[in-house]
Structures are given as C-alpha cells and as structure tokens.
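J.: One structure, pasted below without further comment.
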Amino acid sequence: MKNVIAKKKFGQNFLKDESVLQKIVEAMPNNNNKVVEIGPGLGDLTKFLVDVKSVEAFEVDTDLCKILQSRFEKEIATNRFRLKCGDVLEAWKSELVEESYDLVANLPYYIATNIILKALADPKCKNILVMVQLEVAEKFCADVGDREFGALSIITQSLGDTRIVVKVPPSAFEPQPKVDSAVFLIEKQSNRSDSDFELFLRAAFSQPRKTLIKNLSAHYAKDLLQKKFSELNLIQTARPHEVSTNDYHQLYKKTRSLDGRRESRN
Ligand code: SAM
C-alpha cells in the first residue's frame, strides 16, 4: 500500500489476504452475468474478478480512481472493466446498470446494509456475494431460533438462499478493522420485495425480547391476533425470533384481512 493513506470516512480497509480473495472468486455463482463491484479500492479483488467476468465498478474516492484507471488501463480499453467514479448511492437513484448482474464486493461497512437491501430489491441483481462485518453477515444469514434472526434474515430468506462463505479476521486487511468480518452469499430466487411486508416485520421486531403478540398488538386487536395465532398453530408466547419466515408470511396474509384494525404504519 505504498503512498496510499486509507481514508476512514470511506470505510477503507483493503483486503490483502490472497486466500480470502481466492475463496470469494471460488464462491461466485456460475453464470454469464456481469459483475458489479462497489468500492474496488486499490483493485486487488478487481484483478481476480476481471480474469473471469466483465466488471463494472463504482468508487467514490477520486485518488483511488486514478490508481484504478492506470492499473486497469488495458481492461478499460477493451471494455472488460468499466469504472464509474462517484458515490454509488447517488448512481443508484436511477438504474445502477442496464443488464443482469451479480454484486461481488468487499463493501464499505458504514453503508453495507443499505447497499445489500438495495441490491435485494433491484430486479437486475441476481446474486450477492459480499464481505461485511461478521455481525451483519450473521443477521442476514440467521435461521429461526437464532438470537440474530430478525427482519433482515426474513427479508433475505423470502427472496433466496443464503450462506456464510468464510469468516475473516482483522489481520486479513490493511489497515486492520476493529471487528471480525465475513463473506456471505445470497442466491436470489425471486425479486418480489414487498414494502408492506417489511413494515409488518418492523412492527413484529419493534421490541425483540417481548412476545410477538405484544409487539403486533400495537397495530392489531390482541384477541384477533390470538385467534390468528391459534389458526396457524403458533405458540401465543412466541418471541419474534422464534417464528419462521413461512409463518411470518402466513401471519401477514391473515392480518391483512383485519381491515380497520390496523393503525398507522408509522
Ligand atoms: N475492494 C477493496 C478491497 O477489497 O481491498 C476495497 C474495499 S474497502 C472496505 C471499501 C471501498 O469502498 C473503498 O475503496 C472506498 O473508497 C469505497 N467506497 C466507500 N463509500 C463508497 C460509496 N459511497 N460509493 C462507492 N464507493 C465507496
């Protein structure tokens, strides 16, 4: 990392461990999709990606853009690599890219959850393979009953299959972050994200340690909720993390019939 001072405000922790870079490439879904990389940084992951796929990357740091332009001069000239210099969240205000793509990236952690949710909702995005803070990866990949099982896990499970590919210690990066990291994969099977269902989940997990009925009774009459729980064979005292994704969908459908019993969504 000669002459490059990592900028904290852009979440710059450069991945230096080649074995982790290799594992990311090995975990890439086998298809003809373009790869979108958010935050190519110094281009160490990009170098592996352009060997196997055509890549479009978004980098906010103009100093790094200059380094990337020079490092990938040949790939840019042949259109194997397209580099957009600027904030990806600004670019995403309209269509991010024109064709189907897989997102593969060591994400800037300060906006990682936001980026993953945008990619989940983007019909052009087919698969997501990203490095994030371990704690965040566990939330996306948790199963019912796990302490981390929450709205993020349910939204993700509703759209595809997830798995943690590899856990990564701080020593794999330069400079080293204060937290452990993980690479995880979401293979999307559907693109039908539902914002009303997401609001329902927000209510369901408003107080994660209270019972689910207690949380939902802020929006629906308690006796009707108890009846719907019985119809679905759900335990009345279940906590939000103890109810499966499928049961959340069933419960959501049933609560939609409770017209006039729902209060403001805000
Ligand atoms: N991919 C490189 C690697 O693995 O070594 C760098 C990863 S570093 C964790 C995150 C990268 O995202 C940095 O290069 C940073 O400048 C870039 N970045 C941060 N915020 C961004 C934004 N809003 N839009 C585009 N890139 C961003």
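To be explicit about the labels: the chains of the structure tokens are called A, B, and onward in the order shown, and within each one the residues are counted from 1, while ligands get numbers from 1 in the order they are shown.
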What residues of the protein or nucleic acid chains come within 9 Å of ligand 1 when you use only C-alpha atoms and all ligand atoms? Reply as an MDAnalysis selection string.
T.: chainID A and resid 6:16 21 37:46 57:62 64:65 84:91 105:111 131:132 173:174
J.: Store the residues picked out above, limited to N, CA and C atoms, as a compact mmCIF listing (two decimals), in the first residue's frame.
T.:
# COMPACT_ATOMS: atom_id res chain seq x y z
N ALA A 6 -5.15 5.16 3.86
CA ALA A 6 -6.57 4.75 3.85
C ALA A 6 -7.43 5.83 4.49
N LYS A 7 -8.57 6.11 3.85
CA LYS A 7 -9.47 7.15 4.37
C LYS A 7 -10.60 6.49 5.17
N LYS A 8 -10.59 6.81 6.47
CA LYS A 8 -11.58 6.22 7.37
C LYS A 8 -13.00 6.57 6.95
N LYS A 9 -13.19 7.82 6.49
CA LYS A 9 -14.56 8.28 6.17
C LYS A 9 -15.18 7.48 5.02
N PHE A 10 -14.35 6.81 4.22
CA PHE A 10 -14.88 5.97 3.14
C PHE A 10 -14.84 4.48 3.51
N GLY A 11 -14.57 4.17 4.78
CA GLY A 11 -14.56 2.77 5.22
C GLY A 11 -13.49 1.95 4.52
N GLN A 12 -12.31 2.53 4.35
CA GLN A 12 -11.27 1.84 3.57
C GLN A 12 -10.43 0.88 4.42
N ASN A 13 -10.70 -0.42 4.26
CA ASN A 13 -9.86 -1.48 4.82
C ASN A 13 -9.59 -2.42 3.65
N PHE A 14 -8.35 -2.39 3.17
CA PHE A 14 -8.05 -3.12 1.93
C PHE A 14 -7.75 -4.59 2.25
N LEU A 15 -8.38 -5.46 1.49
CA LEU A 15 -8.23 -6.90 1.72
C LEU A 15 -6.93 -7.38 1.10
N LYS A 16 -6.04 -7.89 1.93
CA LYS A 16 -4.70 -8.25 1.44
C LYS A 16 -4.46 -9.75 1.41
N LEU A 21 -9.29 -13.72 -1.00
CA LEU A 21 -9.65 -13.26 -2.35
C LEU A 21 -10.02 -14.47 -3.23
N GLU A 37 -18.96 -4.39 -8.89
CA GLU A 37 -18.16 -4.29 -7.67
C GLU A 37 -18.34 -2.89 -7.08
N ILE A 38 -18.72 -2.80 -5.83
CA ILE A 38 -18.86 -1.49 -5.19
C ILE A 38 -17.63 -1.28 -4.29
N GLY A 39 -16.89 -0.23 -4.57
CA GLY A 39 -15.68 0.06 -3.80
C GLY A 39 -14.51 -0.82 -4.18
N PRO A 40 -14.01 -0.74 -5.41
CA PRO A 40 -12.86 -1.58 -5.80
C PRO A 40 -11.56 -1.22 -5.09
N GLY A 41 -11.50 -0.03 -4.51
CA GLY A 41 -10.31 0.35 -3.72
C GLY A 41 -9.06 0.39 -4.56
N LEU A 42 -8.07 -0.43 -4.19
CA LEU A 42 -6.81 -0.47 -4.93
C LEU A 42 -6.87 -1.49 -6.07
N GLY A 43 -7.97 -2.25 -6.13
CA GLY A 43 -8.17 -3.16 -7.27
C GLY A 43 -7.69 -4.59 -7.04
N ASP A 44 -7.40 -4.97 -5.78
CA ASP A 44 -6.87 -6.33 -5.56
C ASP A 44 -7.93 -7.40 -5.81
N LEU A 45 -9.18 -7.14 -5.40
CA LEU A 45 -10.26 -8.09 -5.72
C LEU A 45 -10.62 -7.98 -7.20
N THR A 46 -10.65 -6.75 -7.70
CA THR A 46 -10.98 -6.49 -9.11
C THR A 46 -10.10 -7.32 -10.05
N ALA A 57 -17.55 -1.16 -11.96
CA ALA A 57 -17.25 -0.83 -10.57
C ALA A 57 -17.55 0.63 -10.27
N PHE A 58 -17.91 0.88 -9.00
CA PHE A 58 -18.23 2.23 -8.52
C PHE A 58 -17.30 2.57 -7.37
N GLU A 59 -16.51 3.62 -7.53
CA GLU A 59 -15.54 4.01 -6.49
C GLU A 59 -15.69 5.50 -6.20
N VAL A 60 -15.89 5.83 -4.91
CA VAL A 60 -16.15 7.22 -4.53
C VAL A 60 -14.87 8.06 -4.42
N ASP A 61 -13.74 7.40 -4.14
CA ASP A 61 -12.51 8.13 -3.82
C ASP A 61 -11.74 8.44 -5.13
N THR A 62 -11.64 9.73 -5.45
CA THR A 62 -11.02 10.11 -6.73
C THR A 62 -9.53 9.72 -6.78
N LEU A 64 -8.24 7.00 -5.52
CA LEU A 64 -8.22 5.57 -5.88
C LEU A 64 -8.64 5.38 -7.33
N CYS A 65 -9.55 6.22 -7.80
CA CYS A 65 -9.98 6.11 -9.21
C CYS A 65 -8.78 6.26 -10.14
N LYS A 84 -16.85 3.64 -12.73
CA LYS A 84 -17.63 4.87 -12.50
C LYS A 84 -17.10 5.50 -11.22
N CYS A 85 -16.60 6.73 -11.35
CA CYS A 85 -16.06 7.41 -10.17
C CYS A 85 -17.15 8.27 -9.54
N GLY A 86 -17.51 7.96 -8.32
CA GLY A 86 -18.57 8.70 -7.63
C GLY A 86 -19.25 7.82 -6.60
N ASP A 87 -20.19 8.44 -5.89
CA ASP A 87 -20.91 7.75 -4.82
C ASP A 87 -21.93 6.79 -5.42
N VAL A 88 -21.83 5.50 -5.09
CA VAL A 88 -22.74 4.51 -5.67
C VAL A 88 -24.19 4.80 -5.28
N LEU A 89 -24.41 5.37 -4.11
CA LEU A 89 -25.80 5.62 -3.68
C LEU A 89 -26.45 6.72 -4.53
N GLU A 90 -25.62 7.64 -5.02
CA GLU A 90 -26.13 8.67 -5.96
C GLU A 90 -26.46 7.99 -7.29
N ALA A 91 -25.53 7.14 -7.77
CA ALA A 91 -25.75 6.44 -9.05
C ALA A 91 -27.00 5.58 -8.99
N ALA A 105 -18.34 -7.87 -3.82
CA ALA A 105 -17.61 -6.73 -3.27
C ALA A 105 -17.19 -6.94 -1.83
N ASN A 106 -16.11 -6.26 -1.49
CA ASN A 106 -15.74 -6.05 -0.09
C ASN A 106 -16.31 -4.67 0.23
N LEU A 107 -17.49 -4.66 0.84
CA LEU A 107 -18.26 -3.42 0.94
C LEU A 107 -17.71 -2.44 1.97
N PRO A 108 -17.92 -1.12 1.73
CA PRO A 108 -17.65 -0.16 2.80
C PRO A 108 -18.67 -0.40 3.91
N TYR A 109 -18.19 -0.71 5.14
CA TYR A 109 -19.09 -1.22 6.18
C TYR A 109 -20.13 -0.19 6.61
N TYR A 110 -19.81 1.11 6.48
CA TYR A 110 -20.75 2.11 7.01
C TYR A 110 -22.04 2.20 6.19
N ILE A 111 -22.06 1.63 4.97
CA ILE A 111 -23.29 1.64 4.17
C ILE A 111 -23.63 0.23 3.64
N MET A 131 -18.40 -9.09 1.33
CA MET A 131 -17.72 -9.07 2.63
C MET A 131 -18.32 -7.93 3.44
N VAL A 132 -18.72 -8.25 4.66
CA VAL A 132 -19.24 -7.23 5.59
C VAL A 132 -18.74 -7.57 6.99
N PHE A 173 -6.68 -7.64 6.57
CA PHE A 173 -6.85 -6.31 5.95
C PHE A 173 -5.71 -5.36 6.31
N GLU A 174 -5.61 -4.31 5.50
CA GLU A 174 -4.69 -3.23 5.78
C GLU A 174 -5.39 -1.89 5.50
J.: Could you give me, as a ChimeraX atom specification, the residues within 10 Å of Asn32 in chain A, counting only C-alpha atoms and dropping anything in the same chain fewer than 5 positions from it?
T.: /A:52-54,100-102
J.: For range 212-221 of chain A, find every residue with an atom within 12 Å (counting only C-alpha atoms), except residues of its own chain fewer than 3 positions away, and show them as a ChimeraX atom specification.
T.: /A:150,199-209,224-230,234-243,248,251-252,254-266
J.: Emit the selected residues as a tab-separated table (two decimals), in the first residue's frame, including N, CA and C atoms.
T.:
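Written output follows (again-v4.tsv):
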chain	number	residue	atom	x	y	z
A	150	GLY	N	-33.93	-11.99	12.51
A	150	GLY	CA	-34.73	-10.77	12.56
A	150	GLY	C	-35.24	-10.39	11.19
A	199	LEU	N	-42.73	-3.44	6.49
A	199	LEU	CA	-43.28	-2.62	7.58
A	199	LEU	C	-43.88	-3.51	8.68
A	200	PHE	N	-44.53	-4.59	8.23
A	200	PHE	CA	-45.10	-5.56	9.17
A	200	PHE	C	-43.98	-6.15	10.03
A	201	LEU	N	-42.85	-6.48	9.39
A	201	LEU	CA	-41.71	-7.05	10.14
A	201	LEU	C	-41.14	-6.03	11.12
A	202	ARG	N	-41.13	-4.77	10.68
A	202	ARG	CA	-40.61	-3.74	11.58
A	202	ARG	C	-41.44	-3.70	12.88
A	203	ALA	N	-42.77	-3.81	12.71
A	203	ALA	CA	-43.65	-3.83	13.89
A	203	ALA	C	-43.39	-5.10	14.71
A	204	ALA	N	-43.22	-6.23	14.01
A	204	ALA	CA	-43.04	-7.52	14.69
A	204	ALA	C	-41.79	-7.52	15.57
A	205	PHE	N	-40.74	-6.87	15.10
A	205	PHE	CA	-39.45	-6.87	15.83
A	205	PHE	C	-39.21	-5.55	16.57
A	206	SER	N	-40.27	-4.76	16.80
A	206	SER	CA	-40.06	-3.44	17.41
A	206	SER	C	-39.41	-3.58	18.80
A	207	GLN	N	-39.80	-4.63	19.53
A	207	GLN	CA	-39.15	-4.91	20.83
A	207	GLN	C	-38.79	-6.39	20.81
A	208	PRO	N	-37.57	-6.71	20.38
A	208	PRO	CA	-37.21	-8.11	20.08
A	208	PRO	C	-37.36	-9.07	21.26
A	209	ARG	N	-37.24	-8.60	22.48
A	209	ARG	CA	-37.32	-9.53	23.62
A	209	ARG	C	-38.73	-9.69	24.16
A	224	LEU	N	-57.97	-10.72	18.31
A	224	LEU	CA	-57.94	-11.22	16.93
A	224	LEU	C	-56.58	-11.83	16.60
A	225	LEU	N	-55.53	-11.21	17.11
A	225	LEU	CA	-54.19	-11.79	16.89
A	225	LEU	C	-54.10	-13.17	17.52
A	226	GLN	N	-54.63	-13.30	18.74
A	226	GLN	CA	-54.58	-14.60	19.43
A	226	GLN	C	-55.30	-15.66	18.61
A	227	LYS	N	-56.42	-15.25	18.00
A	227	LYS	CA	-57.20	-16.19	17.16
A	227	LYS	C	-56.36	-16.62	15.94
A	228	LYS	N	-55.72	-15.64	15.30
A	228	LYS	CA	-54.91	-15.96	14.11
A	228	LYS	C	-53.72	-16.85	14.50
A	229	PHE	N	-53.12	-16.59	15.66
A	229	PHE	CA	-52.02	-17.45	16.13
A	229	PHE	C	-52.51	-18.89	16.28
A	230	SER	N	-53.70	-19.07	16.86
A	230	SER	CA	-54.24	-20.42	17.05
A	230	SER	C	-54.47	-21.09	15.71
A	234	LEU	N	-49.47	-21.35	16.14
A	234	LEU	CA	-48.30	-20.65	16.69
A	234	LEU	C	-48.46	-20.51	18.20
A	235	ILE	N	-47.34	-20.64	18.91
A	235	ILE	CA	-47.38	-20.51	20.37
A	235	ILE	C	-47.66	-19.05	20.71
A	236	GLN	N	-48.62	-18.82	21.59
A	236	GLN	CA	-49.06	-17.44	21.91
A	236	GLN	C	-47.93	-16.61	22.54
A	237	THR	N	-47.00	-17.31	23.23
A	237	THR	CA	-45.93	-16.57	23.91
A	237	THR	C	-44.64	-16.49	23.07
A	238	ALA	N	-44.74	-16.86	21.78
A	238	ALA	CA	-43.52	-16.88	20.93
A	238	ALA	C	-42.90	-15.49	20.86
A	239	ARG	N	-41.56	-15.47	20.93
A	239	ARG	CA	-40.82	-14.20	20.73
A	239	ARG	C	-40.62	-14.02	19.22
A	240	PRO	N	-40.36	-12.80	18.78
A	240	PRO	CA	-40.26	-12.56	17.32
A	240	PRO	C	-39.26	-13.48	16.61
A	241	HIS	N	-38.13	-13.81	17.26
A	241	HIS	CA	-37.10	-14.61	16.57
A	241	HIS	C	-37.43	-16.10	16.56
A	242	GLU	N	-38.56	-16.49	17.20
A	242	GLU	CA	-38.91	-17.92	17.27
A	242	GLU	C	-39.94	-18.32	16.21
A	243	VAL	N	-40.34	-17.38	15.37
A	243	VAL	CA	-41.36	-17.66	14.35
A	243	VAL	C	-40.68	-17.71	12.97
A	248	TYR	N	-44.28	-16.12	9.22
A	248	TYR	CA	-44.45	-14.67	9.11
A	248	TYR	C	-45.29	-14.32	7.88
A	251	LEU	N	-48.91	-15.27	8.62
A	251	LEU	CA	-49.48	-14.33	9.61
A	251	LEU	C	-49.76	-12.97	8.96
A	252	TYR	N	-48.84	-12.54	8.09
A	252	TYR	CA	-49.01	-11.27	7.38
A	252	TYR	C	-50.28	-11.31	6.53
A	254	LYS	N	-52.89	-13.16	6.99
A	254	LYS	CA	-54.08	-13.17	7.86
A	254	LYS	C	-54.34	-11.79	8.46
A	255	THR	N	-53.27	-11.07	8.83
A	255	THR	CA	-53.50	-9.76	9.44
A	255	THR	C	-54.04	-8.76	8.41
A	256	ARG	N	-53.75	-9.01	7.16
A	256	ARG	CA	-54.26	-8.10	6.11
A	256	ARG	C	-55.78	-8.14	6.05
A	257	SER	N	-56.36	-9.27	6.52
A	257	SER	CA	-57.83	-9.35	6.50
A	257	SER	C	-58.43	-8.64	7.71
A	258	LEU	N	-57.59	-8.20	8.64
A	258	LEU	CA	-58.09	-7.49	9.82
A	258	LEU	C	-58.30	-6.01	9.48
A	259	ASP	N	-59.08	-5.76	8.45
A	259	ASP	CA	-59.29	-4.39	7.98
A	259	ASP	C	-59.85	-3.50	9.08
A	260	GLY	N	-59.37	-2.29	9.13
A	260	GLY	CA	-59.89	-1.34	10.10
A	260	GLY	C	-59.32	-1.56	11.49
A	261	ARG	N	-58.55	-2.63	11.67
A	261	ARG	CA	-57.96	-2.91	12.98
A	261	ARG	C	-56.52	-2.46	13.02
A	262	ARG	N	-56.04	-2.03	11.83
A	262	ARG	CA	-54.63	-1.65	11.75
A	262	ARG	C	-54.49	-0.17	11.97
A	263	GLU	N	-53.55	0.18	12.77
A	263	GLU	CA	-53.33	1.60	13.00
A	263	GLU	C	-52.32	2.11	11.99
A	264	SER	N	-51.93	3.39	12.16
A	264	SER	CA	-50.97	4.00	11.24
A	264	SER	C	-49.71	3.15	11.12
A	265	ARG	N	-49.13	3.09	9.94
A	265	ARG	CA	-47.91	2.29	9.73
A	265	ARG	C	-46.69	2.97	10.30
A	266	ASN	N	-46.80	4.22	10.65
A	266	ASN	CA	-45.59	4.92	11.09
A	266	ASN	C	-45.32	4.74	12.58
J.: Ser158 in chain A: which residues within 9 Å, counting only C-alpha atoms, same-chain residues fewer than 5 positions away excluded, as a PyMOL selection string?
T.: chain A and resi 153+189-190+192-193+245-246+249
J.: Interatomic distance between CA of Leu49 in chain A and CA of Leu159 in chain A?
T.: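 Computed distance, CA of Leu49 in chain A to CA of Leu159 in chain A, equals 25.2 Å.
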J.: Give the strand (DSSP E or B) residues of range 31-258 of chain A, as assigned by DSSP on the backbone, as a ChimeraX atom specification.
T.: /A:34-38,55-59,81-85,101-106,125-133,160-168,173-174,181-188
J.: Between A:Leu152, A:Ile24, A:Val50, A:Leu232, which residue has the minimum interatomic distance to Ala182 in chain A, considering only C-alpha atoms?
T.: A:Ile24
J.: Have a look at A:Thr113, A:Gln250, A:Asn31, A:Gln133 and name the one nearest to Pro177 in chain A; count only C-alpha atoms.
T.: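 Residue with the minimum atom-to-atom distance to Pro177 in chain A: A:Gln133.
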J.: Which of these, A:Ile164, A:Val36, A:Ile154, A:Val179, has the shortest distance to Asp247 in chain A once you count only C-alpha atoms?
T.: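 Closest to Asp247 in chain A, using only C-alpha atoms: A:Ile154.
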J.: Rounded to one decimal, what separation in Å do you get between CA of Lys178 in chain A and CA of Asp17 in chain A?
T.: 16.6 Å
